[in-house]
$ cat start.tsv   # TSV, C-alpha atoms and all ligand atoms
chain	number	residue	atom	x	y	z
A	1181	MET	CA	3.70	22.07	6.99
A	1182	SER	CA	4.64	19.46	9.57
A	1183	SER	CA	2.72	19.46	12.81
A	1184	THR	CA	4.29	18.42	16.09
A	1185	VAL	CA	0.93	18.12	17.85
A	1186	LYS	CA	0.35	14.54	19.03
A	1187	GLN	CA	-2.48	12.83	17.15
A	1188	THR	CA	-4.60	9.75	17.70
A	1189	VAL	CA	-4.60	7.36	14.74
A	1190	PHE	CA	-7.15	4.60	14.15
A	1191	LEU	CA	-5.52	1.93	12.00
A	1192	VAL	CA	-7.23	-0.85	10.05
A	1193	GLY	CA	-5.02	-3.74	8.89
A	1194	ALA	CA	-2.24	-3.60	11.49
A	1195	THR	CA	-1.65	-7.36	11.18
A	1196	GLY	CA	-1.14	-7.05	7.42
A	1197	LYS	CA	1.89	-6.11	5.36
A	1198	THR	CA	1.12	-2.43	4.66
A	1199	GLY	CA	-0.61	-1.95	8.01
A	1200	GLY	CA	2.28	-3.63	9.81
A	1201	SER	CA	4.77	-1.21	8.26
A	1202	ILE	CA	2.53	1.71	9.26
A	1203	ALA	CA	1.85	0.37	12.76
A	1204	ARG	CA	5.57	-0.01	13.50
A	1205	ALA	CA	6.44	3.44	12.17
A	1206	LEU	CA	3.72	5.17	14.19
A	1207	ALA	CA	3.98	3.14	17.38
A	1208	THR	CA	7.73	3.77	17.62
A	1209	LYS	CA	7.01	7.53	17.71
A	1210	PRO	CA	4.84	7.69	20.85
A	1211	GLU	CA	5.58	11.39	21.25
A	1212	ARG	CA	3.73	12.03	17.96
A	1213	PHE	CA	1.15	9.26	17.65
A	1214	GLU	CA	-1.26	7.37	19.85
A	1215	VAL	CA	-2.31	4.31	17.84
A	1216	LYS	CA	-5.55	2.37	18.09
A	1217	ALA	CA	-5.71	-0.71	15.87
A	1218	ILE	CA	-8.97	-2.43	14.96
A	1219	VAL	CA	-8.33	-6.17	14.71
A	1220	ARG	CA	-10.71	-8.98	13.85
A	1221	SER	CA	-11.32	-11.37	16.76
A	1222	SER	CA	-9.86	-14.21	14.68
A	1223	SER	CA	-6.53	-12.32	14.52
A	1224	VAL	CA	-5.98	-11.11	18.08
A	1225	ASP	CA	-3.67	-14.01	18.85
A	1226	LYS	CA	-1.31	-13.27	15.96
A	1227	PRO	CA	2.25	-12.80	17.31
A	1228	PHE	CA	2.52	-9.27	15.89
A	1229	ILE	CA	-0.34	-8.15	18.17
A	1230	LYS	CA	1.88	-8.88	21.17
A	1231	GLU	CA	4.62	-6.67	19.70
A	1232	LEU	CA	2.14	-3.89	18.99
A	1233	LYS	CA	0.76	-4.03	22.53
A	1234	SER	CA	4.30	-3.82	23.91
A	1235	LEU	CA	4.74	-0.65	21.82
A	1236	GLY	CA	1.63	0.84	23.42
A	1237	VAL	CA	-0.86	0.22	20.60
A	1238	LYS	CA	-4.42	-0.11	21.86
A	1239	ILE	CA	-6.19	-3.10	20.29
A	1240	ILE	CA	-9.89	-2.80	19.51
A	1241	ILE	CA	-11.76	-5.91	18.40
A	1242	GLY	CA	-13.85	-5.23	15.32
A	1243	ASP	CA	-14.45	-5.80	11.65
A	1244	ILE	CA	-14.95	-2.96	9.18
A	1245	ALA	CA	-16.87	-5.16	6.74
A	1246	ASN	CA	-19.39	-6.37	9.30
A	1247	ASP	CA	-19.64	-3.78	12.07
A	1248	ASP	CA	-22.35	-1.17	11.60
A	1249	GLN	CA	-21.67	2.53	11.28
A	1250	GLU	CA	-22.67	3.32	14.87
A	1251	THR	CA	-20.25	0.73	16.29
A	1252	LEU	CA	-17.40	2.05	14.15
A	1253	GLN	CA	-18.30	5.63	15.00
A	1254	ALA	CA	-18.04	4.87	18.72
A	1255	HIS	CA	-14.45	3.65	18.14
A	1256	LEU	CA	-13.61	6.92	16.39
A	1257	LYS	CA	-14.42	9.22	19.31
A	1258	ASP	CA	-11.46	11.62	19.69
A	1259	VAL	CA	-9.62	10.06	16.76
A	1260	ASP	CA	-7.75	12.52	14.54
A	1261	THR	CA	-6.75	10.29	11.64
A	1262	VAL	CA	-8.20	7.08	10.24
A	1263	ILE	CA	-5.92	4.90	8.11
A	1264	ASN	CA	-7.36	1.90	6.31
A	1265	ALA	CA	-4.62	-0.52	5.21
A	1266	SER	CA	-6.79	-3.57	4.69
A	1267	ILE	CA	-7.20	-5.46	1.45
A	1268	PRO	CA	-10.12	-3.57	-0.09
A	1269	VAL	CA	-13.40	-4.87	1.33
A	1270	PRO	CA	-16.50	-4.58	-0.92
A	1271	GLU	CA	-17.10	-0.87	-1.53
A	1272	ASP	CA	-20.52	-0.71	0.12
A	1273	LYS	CA	-18.99	-2.33	3.23
A	1274	GLU	CA	-16.13	0.20	3.36
A	1275	HIS	CA	-18.72	2.97	3.28
A	1276	ASN	CA	-19.68	2.25	6.91
A	1277	LEU	CA	-16.16	3.19	7.98
A	1278	ILE	CA	-16.18	6.27	5.75
A	1279	ARG	CA	-19.56	7.44	7.04
A	1280	ALA	CA	-18.43	6.78	10.60
A	1281	ALA	CA	-15.31	8.89	9.98
A	1282	LYS	CA	-17.48	11.75	8.72
A	1283	ALA	CA	-19.92	11.51	11.61
A	1284	ALA	CA	-17.07	11.39	14.12
A	1285	LYS	CA	-15.55	14.47	12.42
A	1286	VAL	CA	-12.10	12.93	12.01
A	1287	LYS	CA	-9.55	15.37	10.69
A	1288	ARG	CA	-8.17	13.07	8.01
A	1289	LEU	CA	-9.19	9.80	6.38
A	1290	VAL	CA	-6.65	7.71	4.46
A	1291	PRO	CA	-8.43	4.92	2.53
A	1292	SER	CA	-6.75	1.72	1.44
A	1293	ASP	CA	-4.85	2.85	-1.63
A	1294	PHE	CA	-1.11	2.32	-1.07
A	1295	ALA	CA	-1.06	1.37	-4.72
A	1296	ASN	CA	0.80	1.92	-7.94
A	1297	TYR	CA	-0.56	4.65	-10.20
A	1298	ALA	CA	-2.75	3.61	-13.12
A	1299	PRO	CA	-5.06	5.98	-14.99
A	1300	PRO	CA	-8.82	5.34	-14.90
A	1301	GLY	CA	-9.83	2.34	-17.02
A	1302	SER	CA	-6.43	0.64	-16.93
A	1303	MET	CA	-6.78	-1.63	-13.87
A	1304	GLN	CA	-10.05	-2.79	-12.33
A	1305	VAL	CA	-8.55	-2.79	-8.82
A	1306	GLN	CA	-7.45	0.84	-9.16
A	1307	ASP	CA	-10.83	1.82	-10.59
A	1308	MET	CA	-12.42	0.34	-7.48
A	1309	LYS	CA	-10.09	2.44	-5.31
A	1310	LEU	CA	-10.90	5.52	-7.41
A	1311	ARG	CA	-14.62	4.96	-6.72
A	1312	THR	CA	-13.88	4.90	-2.99
A	1313	GLN	CA	-11.87	8.12	-3.36
A	1314	ARG	CA	-14.79	9.71	-5.21
A	1315	PHE	CA	-17.21	8.67	-2.43
A	1316	ILE	CA	-14.93	10.34	0.13
A	1317	ILE	CA	-14.61	13.54	-1.91
A	1318	ASP	CA	-18.35	13.66	-2.62
A	1319	ASN	CA	-19.03	13.32	1.11
A	1320	ASP	CA	-16.70	16.20	1.80
A	1321	ILE	CA	-14.46	14.27	4.18
A	1322	PRO	CA	-10.93	15.58	4.81
A	1323	HIS	CA	-8.60	13.00	3.33
A	1324	THR	CA	-5.24	12.05	1.93
A	1325	PHE	CA	-4.84	9.40	-0.77
A	1326	ILE	CA	-1.43	7.72	-0.59
A	1327	LEU	CA	0.11	5.94	-3.58
A	1328	VAL	CA	3.41	4.12	-3.10
A	1329	GLY	CA	4.29	2.88	-6.58
A	1330	ILE	CA	4.80	-0.86	-6.58
A	1331	TRP	CA	6.48	-2.42	-3.53
A	1332	ALA	CA	10.04	-3.39	-4.41
A	1333	ASP	CA	9.17	-6.53	-2.45
A	1334	ALA	CA	6.57	-7.35	-5.13
A	1335	VAL	CA	8.80	-7.14	-8.20
A	1336	PHE	CA	12.18	-8.72	-7.38
A	1337	PRO	CA	12.36	-12.25	-8.83
A	1338	LEU	CA	11.60	-15.15	-6.52
A	1339	PRO	CA	12.99	-18.68	-6.92
A	1340	GLN	CA	10.47	-20.84	-8.79
A	1341	ASP	CA	10.04	-23.06	-5.72
A	1342	ALA	CA	9.62	-20.13	-3.27
A	1343	ASP	CA	6.58	-20.20	-1.07
A	1344	SER	CA	5.20	-16.80	-2.05
A	1345	ASP	CA	2.28	-15.13	-0.36
A	1346	ASN	CA	-0.28	-15.22	-3.10
A	1347	PHE	CA	-1.05	-15.79	-6.75
A	1348	VAL	CA	-0.22	-12.20	-7.68
A	1349	SER	CA	3.34	-12.56	-6.29
A	1350	ASP	CA	3.74	-15.88	-8.07
A	1351	PHE	CA	2.65	-14.27	-11.30
A	1352	LEU	CA	4.66	-11.07	-10.99
A	1353	GLN	CA	7.85	-12.46	-9.49
A	1354	LYS	CA	8.38	-15.78	-11.26
A	1355	GLN	CA	8.16	-14.51	-14.83
A	1356	PHE	CA	9.78	-11.75	-16.86
A	1357	HIS	CA	7.31	-9.16	-18.12
A	1358	GLY	CA	7.59	-7.28	-21.37
A	1359	PRO	CA	10.62	-5.75	-23.04
A	1360	GLY	CA	12.41	-4.99	-19.76
A	1361	ASN	CA	13.10	-1.34	-20.53
A	1362	VAL	CA	9.88	0.16	-19.09
A	1363	LYS	CA	10.40	2.22	-15.95
A	1364	THR	CA	8.24	1.88	-12.84
A	1365	SER	CA	8.30	3.64	-9.46
A	1366	TRP	CA	8.86	1.56	-6.33
A	1367	THR	CA	8.85	1.90	-2.54
A	1368	ALA	CA	10.26	-0.69	-0.12
A	1369	LEU	CA	7.36	-2.03	1.95
A	1370	GLU	CA	9.21	-1.39	5.21
A	1371	ARG	CA	9.54	2.30	4.22
A	1372	VAL	CA	5.81	2.83	3.61
A	1373	GLY	CA	5.20	3.46	7.31
A	1374	GLU	CA	7.95	6.06	7.51
A	1375	PHE	CA	6.40	7.99	4.63
A	1376	VAL	CA	2.91	7.67	6.13
A	1377	ALA	CA	4.11	9.08	9.46
A	1378	ARG	CA	5.36	12.18	7.65
A	1379	ILE	CA	2.37	12.53	5.34
A	1380	ILE	CA	-0.31	12.41	8.04
A	1381	SER	CA	1.55	15.04	10.09
A	1382	ASP	CA	1.69	17.45	7.18
A	1383	THR	CA	-1.00	20.05	6.44
A	1384	ARG	CA	0.22	20.33	2.84
A	1385	THR	CA	-1.05	16.81	2.13
A	1386	LEU	CA	-4.61	17.42	3.31
A	1387	ASN	CA	-7.15	16.73	0.55
A	1388	ARG	CA	-4.37	15.70	-1.83
A	1389	THR	CA	-2.98	12.54	-3.36
A	1390	VAL	CA	0.65	11.89	-2.42
A	1391	GLN	CA	3.07	9.58	-4.21
A	1392	THR	CA	5.89	7.97	-2.22
A	1393	TRP	CA	8.86	6.41	-4.01
A	1394	ASP	CA	12.31	5.10	-3.19
A	1395	GLY	CA	13.32	4.81	-6.82
A	1396	GLU	CA	12.30	4.12	-10.38
A	1397	ALA	CA	13.66	1.11	-12.25
A	1398	THR	CA	13.12	-1.06	-15.30
A	1399	LEU	CA	12.61	-4.80	-14.89
A	1400	SER	CA	16.00	-5.41	-16.53
A	1401	GLU	CA	17.64	-3.21	-13.88
A	1402	ILE	CA	15.79	-5.09	-11.13
A	1403	TYR	CA	16.87	-8.47	-12.50
A	1404	ALA	CA	20.46	-7.21	-12.85
A	1405	ALA	CA	20.46	-6.12	-9.18
A	1406	ALA	CA	18.95	-9.49	-8.22
A	1407	SER	CA	21.63	-11.39	-10.17
A	1408	LYS	CA	24.44	-9.29	-8.70
A	1409	VAL	CA	23.27	-9.93	-5.14
A	1410	THR	CA	22.26	-13.60	-5.45
A	1411	GLY	CA	24.79	-14.74	-8.05
A	1412	LYS	CA	21.85	-16.42	-9.79
A	1413	ASN	CA	20.86	-16.08	-13.39
A	1414	PHE	CA	17.13	-15.65	-14.01
A	1415	ASP	CA	17.41	-16.03	-17.80
A	1416	ASP	CA	15.23	-19.13	-17.93
A	1417	TYR	CA	12.17	-17.31	-16.52
A	1418	HIS	CA	9.16	-17.38	-18.81
A	1419	LYS	CA	8.94	-14.15	-20.82
A	1420	LEU	CA	5.43	-12.76	-21.06
A	1421	SER	CA	4.54	-11.19	-24.38
A	1422	THR	CA	2.20	-8.26	-25.06
A	1423	GLU	CA	-0.30	-10.63	-26.73
A	1424	GLU	CA	-0.36	-13.02	-23.75
A	1425	VAL	CA	-0.95	-10.20	-21.28
A	1426	GLU	CA	-3.44	-8.21	-23.36
A	1427	SER	CA	-5.60	-11.28	-24.00
A	1428	LYS	CA	-6.15	-11.78	-20.24
A	1429	CYS	CA	-6.91	-8.18	-19.22
A	1430	GLY	CA	-10.38	-6.69	-18.84
A	1431	LYS	CA	-12.10	-9.98	-18.02
A	1432	ASP	CA	-13.35	-11.11	-14.57
A	1433	PHE	CA	-11.75	-9.19	-11.70
A	1434	LEU	CA	-9.54	-11.83	-10.05
A	1435	PRO	CA	-8.21	-13.72	-13.08
A	1436	SER	CA	-7.44	-10.38	-14.79
A	1437	LEU	CA	-5.81	-8.83	-11.72
A	1438	PRO	CA	-2.18	-10.01	-12.15
A	1439	TYR	CA	-2.26	-9.42	-15.92
A	1440	GLU	CA	-3.55	-5.87	-15.41
A	1441	TYR	CA	-0.66	-5.22	-13.00
A	1442	SER	CA	1.79	-6.59	-15.54
A	1443	ARG	CA	0.36	-4.56	-18.40
A	1444	SER	CA	0.29	-1.30	-16.44
A	1445	LEU	CA	3.72	-1.65	-14.81
A	1446	TRP	CA	5.87	-3.36	-17.42
A	1447	PHE	CA	4.21	-2.78	-20.82
A	1448	ARG	CA	2.38	0.55	-20.64
A	1449	GLY	CA	4.75	2.21	-18.17
A	1450	GLU	CA	1.93	3.99	-16.33
A	1451	ASN	CA	3.39	3.84	-12.82
A	1452	THR	CA	5.95	6.62	-13.04
A	1453	VAL	CA	6.43	9.62	-10.77
A	1454	GLU	CA	6.08	11.88	-13.79
A	1455	SER	CA	2.66	10.41	-14.67
A	1456	VAL	CA	1.24	10.54	-11.17
A	1457	VAL	CA	2.45	14.10	-10.59
A	1458	ALA	CA	0.98	15.09	-13.97
A	1459	ALA	CA	-2.32	13.59	-12.72
A	1460	GLY	CA	-2.21	16.01	-9.76
A	1461	ALA	CA	-0.39	14.12	-6.98
A	1462	LEU	CA	2.20	15.60	-4.66
A	1463	ASP	CA	5.68	14.07	-4.85
A	1464	ALA	CA	6.61	12.93	-1.32
A	1465	ARG	CA	10.33	13.17	-2.10
A	1466	ALA	CA	9.90	16.84	-3.00
A	1467	LEU	CA	7.94	17.37	0.25
A	1468	TYR	CA	10.58	15.58	2.36
A	1469	PRO	CA	13.99	16.25	0.82
A	1470	ASP	CA	15.75	14.92	3.96
A	1471	TYR	CA	14.34	11.39	3.36
A	1472	THR	CA	17.09	8.93	2.41
A	1473	PRO	CA	15.86	6.12	0.14
A	1474	PRO	CA	17.57	2.75	-0.16
A	1475	SER	CA	19.24	2.07	-3.51
A	1476	LEU	CA	17.98	-0.82	-5.63
A	1477	GLU	CA	21.03	-2.87	-4.63
A	1478	GLU	CA	20.68	-2.06	-0.93
A	1479	PHE	CA	17.09	-3.18	-1.13
A	1480	ALA	CA	18.07	-6.38	-3.00
A	1481	LYS	CA	20.65	-7.27	-0.31
A	1482	LYS	CA	17.99	-7.03	2.37
A	1483	PHE	CA	15.36	-8.79	0.28
A	1484	TYR	CA	17.58	-11.78	-0.41
A	1485	GLY	CA	18.89	-11.78	3.17
A	1486	LYS	CA	22.48	-11.03	2.28
A	1487	GLN	CA	23.03	-8.21	4.73
B	1	LIG	N1	1.72	-1.04	-4.05
B	1	LIG	C1	1.88	-2.35	-3.95
B	1	LIG	O1	2.80	-2.94	-4.49
B	1	LIG	C2	0.89	-3.14	-3.14
B	1	LIG	C3	1.11	-4.51	-2.95
B	1	LIG	C4	0.18	-5.22	-2.18
B	1	LIG	C5	-0.92	-4.58	-1.62
B	1	LIG	N2	-1.10	-3.24	-1.85
B	1	LIG	C6	-2.26	-2.54	-1.28
B	1	LIG	O2	-2.03	-2.32	0.13
B	1	LIG	C7	-3.26	-2.42	0.84
B	1	LIG	C8	-3.11	-3.47	1.94
B	1	LIG	O3	-2.72	-4.70	1.35
B	1	LIG	P1	-1.77	-5.72	2.12
B	1	LIG	O4	-1.26	-6.70	1.11
B	1	LIG	O5	-0.81	-4.98	2.97
B	1	LIG	O6	-2.84	-6.44	3.03
B	1	LIG	P2	-2.68	-7.80	3.88
B	1	LIG	O7	-1.25	-8.06	4.18
B	1	LIG	O8	-3.45	-8.88	3.20
B	1	LIG	O9	-3.41	-7.41	5.22
B	1	LIG	C9	-4.76	-7.05	5.23
B	1	LIG	C10	-5.08	-6.54	6.62
B	1	LIG	O10	-6.42	-6.07	6.65
B	1	LIG	C11	-7.08	-6.71	7.74
B	1	LIG	N3	-8.50	-6.84	7.40
B	1	LIG	C12	-9.03	-7.46	6.30
B	1	LIG	N4	-10.37	-7.38	6.32
B	1	LIG	C13	-10.69	-6.70	7.45
B	1	LIG	C14	-11.91	-6.32	8.03
B	1	LIG	N5	-13.08	-6.62	7.46
B	1	LIG	N6	-11.89	-5.63	9.19
B	1	LIG	C15	-10.71	-5.32	9.79
B	1	LIG	N7	-9.51	-5.67	9.28
B	1	LIG	C16	-9.50	-6.36	8.13
B	1	LIG	C17	-6.39	-8.05	7.89
B	1	LIG	O11	-6.64	-8.55	9.16
B	1	LIG	P3	-6.55	-10.09	9.56
B	1	LIG	O12	-5.26	-10.24	10.32
B	1	LIG	O13	-7.74	-10.32	10.41
B	1	LIG	O14	-6.59	-10.90	8.29
B	1	LIG	C18	-4.93	-7.61	7.70
B	1	LIG	O15	-4.45	-6.99	8.87
B	1	LIG	C19	-4.34	-2.77	-0.20
B	1	LIG	O16	-5.01	-1.62	-0.60
B	1	LIG	C20	-3.53	-3.35	-1.35
B	1	LIG	O17	-4.18	-3.20	-2.61
B	1	LIG	C21	-0.22	-2.52	-2.57
$ encode --input "start.tsv" --output "structure tokens" --more "lines below"
Ligand SMILES: NC(=O)c1ccc[n+]([C@@H]2O[C@H](COP(=O)([O-])OP(=O)(O)OC[C@H]3O[C@@H](n4cnc5c(N)ncnc54)[C@H](OP(=O)(O)O)[C@@H]3O)[C@@H](O)[C@H]2O)c1
Amino acid sequence: MSSTVKQTVFLVGATGKTGGSIARALATKPERFEVKAIVRSSSVDKPFIKELKSLGVKIIIGDIANDDQETLQAHLKDVDTVINASIPVPEDKEHNLIRAAKAAKVKRLVPSDFANYAPPGSMQVQDMKLRTQRFIIDNDIPHTFILVGIWADAVFPLPQDADSDNFVSDFLQKQFHGPGNVKTSWTALERVGEFVARIISDTRTLNRTVQTWDGEATLSEIYAAASKVTGKNFDDYHKLSTEEVESKCGKDFLPSLPYEYSRSLWFRGENTVESVVAAGALDARALYPDYTPPSLEEFAKKFYGKQ
């Protein structure tokens, strides 16, 4: 059950999107968490670092892909929980952090999952994360694997001329995928941190996979919410067919990546709460019945800045 004992958390990726959500959620609960964030020297001047410092987060300069195990281990002295929210670094590089966590006897390691659910063999990026999970289990390290469905922020349609973050967003959010009636689970990015704060304080989640979700929706429902809030019609968006998507999956990692997301989320319907629970995960909403999720429309209002 939930522990009220204060814990020290070592966070990787605090300047990123997932890590930022987690850093805010933990740092605003100083009675429960002391946060140490490892930040690359090239990123210490990012404006968010100032905010984190003002919230009491201790900044440690380092790089999990290049620092050796001993250096990382020294940072983990007296750390209870390690959370990695970086974009996955090459697996052998991430192993230094994992070995350091074992040597430092941390009580819980959360690797960089924060992903949608896809069964083995469906998405190369998830297979890579599964290999990291296997390495952690095989090394007998106390852990929690956290899946969040897809971020709602990553599926609502963007204007064609929007400056999106990356090629995956451009691909996922400027086209319509599949028949539109395939359900997927979603969590608002800003809520990820709130779930993580609960999950890492909970003994029930130790050595388990946990799935967070604010809702489940089809792409047609998401587009309908987007149209209602923006008054825009997204009917002219290119509609991706099964053939187009299938022909691009299973090739080289990066070019296949957006197509494998599309296929898993919007064609195969793999990312549902039912599927992930059937695969053995705990349902965070069942663990935390007092959690109040935003509705799809509430999220859309925030996303499009109408609130
Ligand atoms: N479920 C979903 O819909 C969804 C969507 C997107 C991502 N994700 C997953 O969420 C996780 C985080 O992705 P994100 O998009 O939030 O990441 P992001 O915004 O790109 O941020 C990555 C963070 O990791 C840090 N970092 C990268 N390499 C590092 C290193 N070698 N040492 C220390 N820090 C390093 C970056 O620091 P700098 O400031 O120095 O760059 C940054 O803070 C990934 O596992 C990703 O697959 C899930």
$ residues_near_ligand --input "start.tsv" --ligand "ligand LIG 1 (chain B)" --cutoff "6 Å" --atoms "all atoms listed in the file" --output "number ranges by chain"
A: 1192-1199, 1219-1220, 1223, 1243-1245, 1265-1268, 1292-1296, 1328-1331, 1334
$ atom_distance --input "start.tsv" --atom1 "atom CA of A:Val1259" --atom2 "atom CA of A:Arg1465"
27.6 Å
$ residues_near_point --input "start.tsv" --point "(3.4, 1.6, 22.5)" --cutoff "9 Å" --atoms "all atoms listed in the file" --output "mmCIF file with C-alpha atoms, in the coordinates of the input"
data_model
loop_
_atom_site.group_PDB
_atom_site.id
_atom_site.type_symbol
_atom_site.label_atom_id
_atom_site.label_comp_id
_atom_site.auth_asym_id
_atom_site.auth_seq_id
_atom_site.Cartn_x
_atom_site.Cartn_y
_atom_site.Cartn_z
ATOM 1 C CA ALA A 1207 3.980 3.140 17.380
ATOM 2 C CA THR A 1208 7.730 3.770 17.620
ATOM 3 C CA LYS A 1209 7.010 7.530 17.710
ATOM 4 C CA PRO A 1210 4.840 7.690 20.850
ATOM 5 C CA GLU A 1214 -1.260 7.370 19.850
ATOM 6 C CA VAL A 1215 -2.310 4.310 17.840
ATOM 7 C CA GLU A 1231 4.620 -6.670 19.700
ATOM 8 C CA LEU A 1232 2.140 -3.890 18.990
ATOM 9 C CA LYS A 1233 0.760 -4.030 22.530
ATOM 10 C CA SER A 1234 4.300 -3.820 23.910
ATOM 11 C CA LEU A 1235 4.740 -0.650 21.820
ATOM 12 C CA GLY A 1236 1.630 0.840 23.420
ATOM 13 C CA VAL A 1237 -0.860 0.220 20.600
ATOM 14 C CA LYS A 1238 -4.420 -0.110 21.860
#
$ closest_residue --input "start.tsv" --among "A:Ala1203, A:Val1269, A:Ala1283, A:Val1372" --to "A:Pro1473" --atoms "all atoms listed in the file"
A:Val1372
$ residues_around --input "start.tsv" --residues "A:Ile1278" --least-positions-apart "6" --cutoff "12 Å" --atoms "all atoms listed in the file" --output "mmCIF file with C-alpha atoms, keeping the file's coordinate frame"
data_model
loop_
_atom_site.group_PDB
_atom_site.id
_atom_site.type_symbol
_atom_site.label_atom_id
_atom_site.label_comp_id
_atom_site.auth_asym_id
_atom_site.auth_seq_id
_atom_site.Cartn_x
_atom_site.Cartn_y
_atom_site.Cartn_z
ATOM 1 C CA ILE A 1244 -14.950 -2.960 9.180
ATOM 2 C CA ALA A 1245 -16.870 -5.160 6.740
ATOM 3 C CA ASP A 1248 -22.350 -1.170 11.600
ATOM 4 C CA GLN A 1249 -21.670 2.530 11.280
ATOM 5 C CA GLU A 1250 -22.670 3.320 14.870
ATOM 6 C CA LEU A 1252 -17.400 2.050 14.150
ATOM 7 C CA GLN A 1253 -18.300 5.630 15.000
ATOM 8 C CA LEU A 1256 -13.610 6.920 16.390
ATOM 9 C CA THR A 1261 -6.750 10.290 11.640
ATOM 10 C CA VAL A 1262 -8.200 7.080 10.240
ATOM 11 C CA ILE A 1263 -5.920 4.900 8.110
ATOM 12 C CA ASN A 1264 -7.360 1.900 6.310
ATOM 13 C CA GLU A 1271 -17.100 -0.870 -1.530
ATOM 14 C CA ASP A 1272 -20.520 -0.710 0.120
ATOM 15 C CA ALA A 1284 -17.070 11.390 14.120
ATOM 16 C CA LYS A 1285 -15.550 14.470 12.420
ATOM 17 C CA VAL A 1286 -12.100 12.930 12.010
ATOM 18 C CA ARG A 1288 -8.170 13.070 8.010
ATOM 19 C CA LEU A 1289 -9.190 9.800 6.380
ATOM 20 C CA VAL A 1290 -6.650 7.710 4.460
ATOM 21 C CA PRO A 1291 -8.430 4.920 2.530
ATOM 22 C CA SER A 1292 -6.750 1.720 1.440
ATOM 23 C CA THR A 1312 -13.880 4.900 -2.990
ATOM 24 C CA GLN A 1313 -11.870 8.120 -3.360
ATOM 25 C CA ARG A 1314 -14.790 9.710 -5.210
ATOM 26 C CA PHE A 1315 -17.210 8.670 -2.430
ATOM 27 C CA ILE A 1316 -14.930 10.340 0.130
ATOM 28 C CA ILE A 1317 -14.610 13.540 -1.910
ATOM 29 C CA ASP A 1318 -18.350 13.660 -2.620
ATOM 30 C CA ASN A 1319 -19.030 13.320 1.110
ATOM 31 C CA ASP A 1320 -16.700 16.200 1.800
ATOM 32 C CA ILE A 1321 -14.460 14.270 4.180
ATOM 33 C CA PRO A 1322 -10.930 15.580 4.810
ATOM 34 C CA HIS A 1323 -8.600 13.000 3.330
#
$ residues_around --input "start.tsv" --residues "stretch 1390-1397 of chain A" --least-positions-apart "6" --cutoff "10 Å" --atoms "only C-alpha atoms" --output "PyMOL selection string"
chain A and resi 1294-1297+1324-1332+1360-1368+1371-1372+1375-1376+1379+1384+1451-1453+1456-1457+1460-1467+1471-1476+1479
$ atom_distance --input "start.tsv" --atom1 "atom CA of A:Asp1260" --atom2 "atom CA of A:Lys1226"
26.6 Å
$ atom_distance --input "start.tsv" --atom1 "atom CA of A:Lys1257" --atom2 "atom CA of A:Leu1277"
13.0 Å
$ closest_residue --input "start.tsv" --among "A:Lys1287, A:Lys1481, A:Lys1354, A:Arg1279" --to "A:Leu1420" --atoms "all atoms listed in the file"
A:Lys1354
$ residues_around --input "start.tsv" --residues "A:Ala1205" --least-positions-apart "5" --cutoff "7 Å" --atoms "only C-alpha atoms" --output "number ranges by chain"
A: 1373-1374, 1377
$ build_atoms --input "start.tsv" --residues "stretch 1402-1412 of chain A" --atoms "N, CA and C atoms" --output "CSV table (one decimal), keeping the file's coordinate frame"
chain,number,residue,atom,x,y,z
A,1402,ILE,N,16.1,-4.3,-12.3
A,1402,ILE,CA,15.8,-5.1,-11.1
A,1402,ILE,C,16.4,-6.5,-11.2
A,1403,TYR,N,16.3,-7.1,-12.4
A,1403,TYR,CA,16.9,-8.5,-12.5
A,1403,TYR,C,18.4,-8.4,-12.4
A,1404,ALA,N,19.0,-7.3,-12.9
A,1404,ALA,CA,20.5,-7.2,-12.8
A,1404,ALA,C,20.9,-7.1,-11.4
A,1405,ALA,N,20.1,-6.3,-10.6
A,1405,ALA,CA,20.5,-6.1,-9.2
A,1405,ALA,C,20.3,-7.5,-8.5
A,1406,ALA,N,19.2,-8.2,-8.8
A,1406,ALA,CA,19.0,-9.5,-8.2
A,1406,ALA,C,20.1,-10.5,-8.5
A,1407,SER,N,20.5,-10.5,-9.8
A,1407,SER,CA,21.6,-11.4,-10.2
A,1407,SER,C,22.9,-11.0,-9.5
A,1408,LYS,N,23.2,-9.7,-9.4
A,1408,LYS,CA,24.4,-9.3,-8.7
A,1408,LYS,C,24.5,-9.7,-7.2
A,1409,VAL,N,23.3,-9.6,-6.6
A,1409,VAL,CA,23.3,-9.9,-5.1
A,1409,VAL,C,23.2,-11.4,-4.9
A,1410,THR,N,22.5,-12.2,-5.7
A,1410,THR,CA,22.3,-13.6,-5.4
A,1410,THR,C,23.3,-14.5,-6.2
A,1411,GLY,N,23.9,-13.9,-7.2
A,1411,GLY,CA,24.8,-14.7,-8.0
A,1411,GLY,C,24.0,-15.7,-9.0
A,1412,LYS,N,22.7,-15.5,-9.0
A,1412,LYS,CA,21.8,-16.4,-9.8
A,1412,LYS,C,21.5,-15.7,-11.1
